[in-house]
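As structure tokens, the structure follows; a few thoughts come after it.
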Amino acid sequence: MSVAFLIEQLLNGVQFGVMLFLMAAGLTLVFGVMGLINLAHGSLFMLGAFFCSYIAEITGSFWLGLGGGFLAAAAAGALIEVLVIRRLYDRDHLDQVLATFALILIFSELVRWVFGDQPLYLDIPPLLSGALPLPGGGGYPVYRFAIILAGLATALGLYLLIAKTRLGMRIRAGESDREMIGALGVDIRTLYTAVFALGAALAGFAGGMVGALQSVQVGMGEPVLILAFVVIVIGGIGSVKGALIGSVLVGLTDTLGRVFLPQAFKLVLPASEATAVGSALASVAIYLLMAVILAWRPKGLFPVNA
């Protein structure tokens, strides 16, 4: 096993984790501030990917597509919050789950009606094509490295927003005591709409970035949504820092497990059995990681109310 191969797999794990962070950050903000379980978050990821691919195709610009996907997801998020989500704040979590699951079905059919059944494909922009040299030989795709940088920049931006701005102060207050900030004159409805739109925009941005790595198709958001929930449970519900650390842990565990577990089992099992056993164990590795962390810290690594 070469050094370049090991570094490449580590970077793949970080890149996958950063993509999950873009999803999980919005999800944990919405749940932490608004107490809402939003199963439709994956649909906003899908929406961002479709708008990015469609706008890039008709304009010839990946960057316009990425911006369009970001704005489309934010607008859809704000619209959903105003029309649907506002009616769910005082309902129990079962009602929230049922309503947002219905939104998944609605979005899937709307996207299929507007964009068709066939997958869309998004080309990597020329500026981010090519590969970066790795120690020991080989190279790492520039685009994947750009996703890592974009995710880290987003994490920094969210930290500055939440810790250094008036809006962030209101978001933090909303996590602690929403009734009190409402009594102090803060327009809680506008705050909730802004938070939900921000979370949706992050999901749309993630979808647009990932659209150049895989086909853009109906239903692409649900598998990512499941992993995003694992991330926020590991990191601590409502914690952006926890979402970042948890996403990197999940990304590395999933990527390295799928690469190295089958190889490890080949030392003690026949090749065919080793591949089957290793692949099966790799598919549940992140859930084992979650179980271990929750046994150690039941509220996650960085619970906001710890």
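Identifiers in this document derive from the order of the structure tokens: chains are assigned A, B, ..., residues are numbered from 1 separately in each chain, and ligands are numbered from 1 in order of occurrence.
Neighbours of Lys299 (chain A) closer than or equal to 12 Å, with only C-alpha atoms counted and sequence neighbours fewer than 3 positions away skipped, come out as Ile232, Val233, Ile234, Gly235, Gly236, Ile237, Gly238, Ser239, Gly242, Met290, Ala291, Ile293, Leu294, Ala295, Trp296, Phe302, Pro303, Val304, Asn305 and Ala306 of chain A.
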Put those residues in a file: all heavy atoms, as a tab-separated table (two decimals), in the first residue's frame.
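This went into part09.tsv:
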```tsv
chain	number	residue	atom	x	y	z
A	232	ILE	N	-25.47	14.56	13.21
A	232	ILE	CA	-25.89	15.48	14.26
A	232	ILE	C	-26.13	14.76	15.59
A	232	ILE	O	-25.97	15.36	16.65
A	232	ILE	CB	-27.13	16.30	13.86
A	232	ILE	CG1	-28.36	15.43	13.65
A	232	ILE	CG2	-26.85	17.10	12.59
A	232	ILE	CD1	-29.64	16.23	13.41
A	233	VAL	N	-26.46	13.48	15.53
A	233	VAL	CA	-26.57	12.72	16.77
A	233	VAL	C	-25.20	12.52	17.39
A	233	VAL	O	-25.00	12.67	18.61
A	233	VAL	CB	-27.27	11.36	16.51
A	233	VAL	CG1	-27.14	10.46	17.73
A	233	VAL	CG2	-28.73	11.57	16.16
A	234	ILE	N	-24.20	12.22	16.56
A	234	ILE	CA	-22.83	12.06	17.06
A	234	ILE	C	-22.28	13.37	17.58
A	234	ILE	O	-21.67	13.44	18.66
A	234	ILE	CB	-21.92	11.50	15.94
A	234	ILE	CG1	-22.26	10.03	15.65
A	234	ILE	CG2	-20.44	11.64	16.32
A	234	ILE	CD1	-21.49	9.44	14.49
A	235	GLY	N	-22.48	14.45	16.81
A	235	GLY	CA	-21.88	15.73	17.18
A	235	GLY	C	-22.60	16.45	18.29
A	235	GLY	O	-21.98	17.25	19.01
A	236	GLY	N	-23.87	16.18	18.47
A	236	GLY	CA	-24.67	16.91	19.47
A	236	GLY	C	-25.68	17.79	18.76
A	236	GLY	O	-25.30	18.65	17.96
A	237	ILE	N	-26.95	17.58	19.05
A	237	ILE	CA	-28.02	18.30	18.36
A	237	ILE	C	-27.92	19.79	18.65
A	237	ILE	O	-27.83	20.22	19.80
A	237	ILE	CB	-29.39	17.75	18.79
A	237	ILE	CG1	-29.54	16.29	18.33
A	237	ILE	CG2	-30.52	18.59	18.22
A	237	ILE	CD1	-30.77	15.60	18.85
A	238	GLY	N	-27.92	20.58	17.57
A	238	GLY	CA	-27.84	22.04	17.71
A	238	GLY	C	-26.45	22.60	17.66
A	238	GLY	O	-26.27	23.81	17.65
A	239	SER	N	-25.41	21.75	17.62
A	239	SER	CA	-24.03	22.21	17.65
A	239	SER	C	-23.43	22.18	16.24
A	239	SER	O	-23.30	21.10	15.65
A	239	SER	CB	-23.20	21.33	18.58
A	239	SER	OG	-21.82	21.63	18.46
A	242	GLY	N	-20.10	20.45	16.59
A	242	GLY	CA	-20.32	19.01	16.64
A	242	GLY	C	-20.64	18.44	15.27
A	242	GLY	O	-20.20	17.33	14.94
A	290	MET	N	-21.54	5.49	15.98
A	290	MET	CA	-22.57	6.25	16.68
A	290	MET	C	-22.92	5.59	18.01
A	290	MET	O	-23.06	6.27	19.04
A	290	MET	CB	-23.81	6.39	15.80
A	290	MET	CG	-24.95	7.16	16.45
A	290	MET	SD	-26.36	7.45	15.35
A	290	MET	CE	-26.95	5.76	15.13
A	291	ALA	N	-23.06	4.27	18.01
A	291	ALA	CA	-23.42	3.56	19.24
A	291	ALA	C	-22.34	3.71	20.30
A	291	ALA	O	-22.64	3.94	21.48
A	291	ALA	CB	-23.65	2.08	18.92
A	293	ILE	N	-20.09	6.18	20.58
A	293	ILE	CA	-20.04	7.57	21.06
A	293	ILE	C	-21.22	7.86	21.98
A	293	ILE	O	-21.06	8.52	23.02
A	293	ILE	CB	-20.00	8.54	19.87
A	293	ILE	CG1	-18.64	8.44	19.17
A	293	ILE	CG2	-20.26	9.97	20.32
A	293	ILE	CD1	-18.49	9.29	17.94
A	294	LEU	N	-22.40	7.38	21.64
A	294	LEU	CA	-23.57	7.62	22.48
A	294	LEU	C	-23.48	6.87	23.81
A	294	LEU	O	-24.00	7.35	24.83
A	294	LEU	CB	-24.85	7.24	21.76
A	294	LEU	CG	-25.24	8.14	20.58
A	294	LEU	CD1	-26.54	7.67	19.96
A	294	LEU	CD2	-25.36	9.59	21.01
A	295	ALA	N	-22.81	5.70	23.83
A	295	ALA	CA	-22.59	5.00	25.09
A	295	ALA	C	-21.65	5.80	25.99
A	295	ALA	O	-21.78	5.79	27.22
A	295	ALA	CB	-22.02	3.61	24.82
A	296	TRP	N	-20.72	6.53	25.36
A	296	TRP	CA	-19.75	7.34	26.10
A	296	TRP	C	-20.34	8.71	26.47
A	296	TRP	O	-20.23	9.17	27.61
A	296	TRP	CB	-18.49	7.48	25.26
A	296	TRP	CG	-17.48	8.48	25.78
A	296	TRP	CD1	-17.06	8.64	27.07
A	296	TRP	CD2	-16.79	9.46	25.00
A	296	TRP	NE1	-16.13	9.66	27.15
A	296	TRP	CE2	-15.95	10.18	25.89
A	296	TRP	CE3	-16.79	9.78	23.65
A	296	TRP	CZ2	-15.13	11.21	25.45
A	296	TRP	CZ3	-15.96	10.80	23.21
A	296	TRP	CH2	-15.14	11.50	24.10
A	302	PHE	N	-20.62	17.35	21.42
A	302	PHE	CA	-20.65	18.75	21.80
A	302	PHE	C	-22.09	19.23	21.96
A	302	PHE	O	-22.56	20.06	21.20
A	302	PHE	CB	-19.93	19.60	20.75
A	302	PHE	CG	-18.50	19.21	20.54
A	302	PHE	CD1	-18.14	18.39	19.48
A	302	PHE	CD2	-17.51	19.66	21.40
A	302	PHE	CE1	-16.82	18.02	19.29
A	302	PHE	CE2	-16.19	19.30	21.21
A	302	PHE	CZ	-15.83	18.47	20.15
A	303	PRO	N	-22.81	18.71	22.95
A	303	PRO	CA	-24.20	19.14	23.15
A	303	PRO	C	-24.26	20.62	23.52
A	303	PRO	O	-23.44	21.11	24.31
A	303	PRO	CB	-24.69	18.26	24.29
A	303	PRO	CG	-23.46	17.86	25.04
A	303	PRO	CD	-22.38	17.74	23.98
A	304	VAL	N	-25.21	21.34	22.96
A	304	VAL	CA	-25.26	22.79	23.17
A	304	VAL	C	-25.68	23.14	24.60
A	304	VAL	O	-25.38	24.23	25.09
A	304	VAL	CB	-26.22	23.47	22.18
A	304	VAL	CG1	-25.68	23.35	20.77
A	304	VAL	CG2	-27.61	22.87	22.28
A	305	ASN	N	-26.36	22.25	25.27
A	305	ASN	CA	-26.83	22.56	26.61
A	305	ASN	C	-26.07	21.80	27.70
A	305	ASN	O	-26.54	21.66	28.82
A	305	ASN	CB	-28.33	22.20	26.75
A	305	ASN	CG	-29.19	23.06	25.84
A	305	ASN	OD1	-28.96	24.25	25.70
A	305	ASN	ND2	-30.19	22.44	25.23
A	306	ALA	N	-24.86	21.33	27.28
A	306	ALA	CA	-24.07	20.57	28.26
A	306	ALA	C	-23.50	21.50	29.33
A	306	ALA	O	-23.23	22.65	29.07
A	306	ALA	CB	-22.96	19.82	27.55
```
Determine, counting only C-alpha atoms, which protein, DNA and RNA residues have an atom within 9 Å of an atom of Gly199 (chain A); residues of the same chain fewer than 5 positions away are not included. Present the result as a ChimeraX atom specification. /A:22-30,41,74,77,194,204
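Closest to Leu128 (chain A) among A:Gly116, A:Gly251, A:Pro141, A:Pro270 is A:Pro141, based on only C-alpha atoms.
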Mind pulling up the distance from CA of Ala276 (chain A) to CA of Ala264 (chain A)?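 Computing the Euclidean distance for CA of Ala264 (chain A) and CA of Ala276 (chain A) yields 12.0 Å.
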Do a neighbour search on Val97 (chain A) at 9 Å with only C-alpha atoms, toss out local chain neighbours closer than 5 positions, and write the hits as a list in words.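 Those residues are Leu36, Ile37, Asn38, Leu39, Asp92 and Ala102 of chain A.
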Work out how far apart CA of Arg170 (chain A) and CA of Arg189 (chain A) are and give it in Å to one decimal.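 According to the coordinates, CA of Arg170 (chain A) and CA of Arg189 (chain A) are separated by 12.1 Å.
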Pick out each residue of region 27-257 of chain A that DSSP on the backbone tags as alpha helix (DSSP H); I need them as a ChimeraX atom specification. /A:27-34,41-59,62-83,93-115,142-164,166-176,178-183,188-210,221-235,240-257
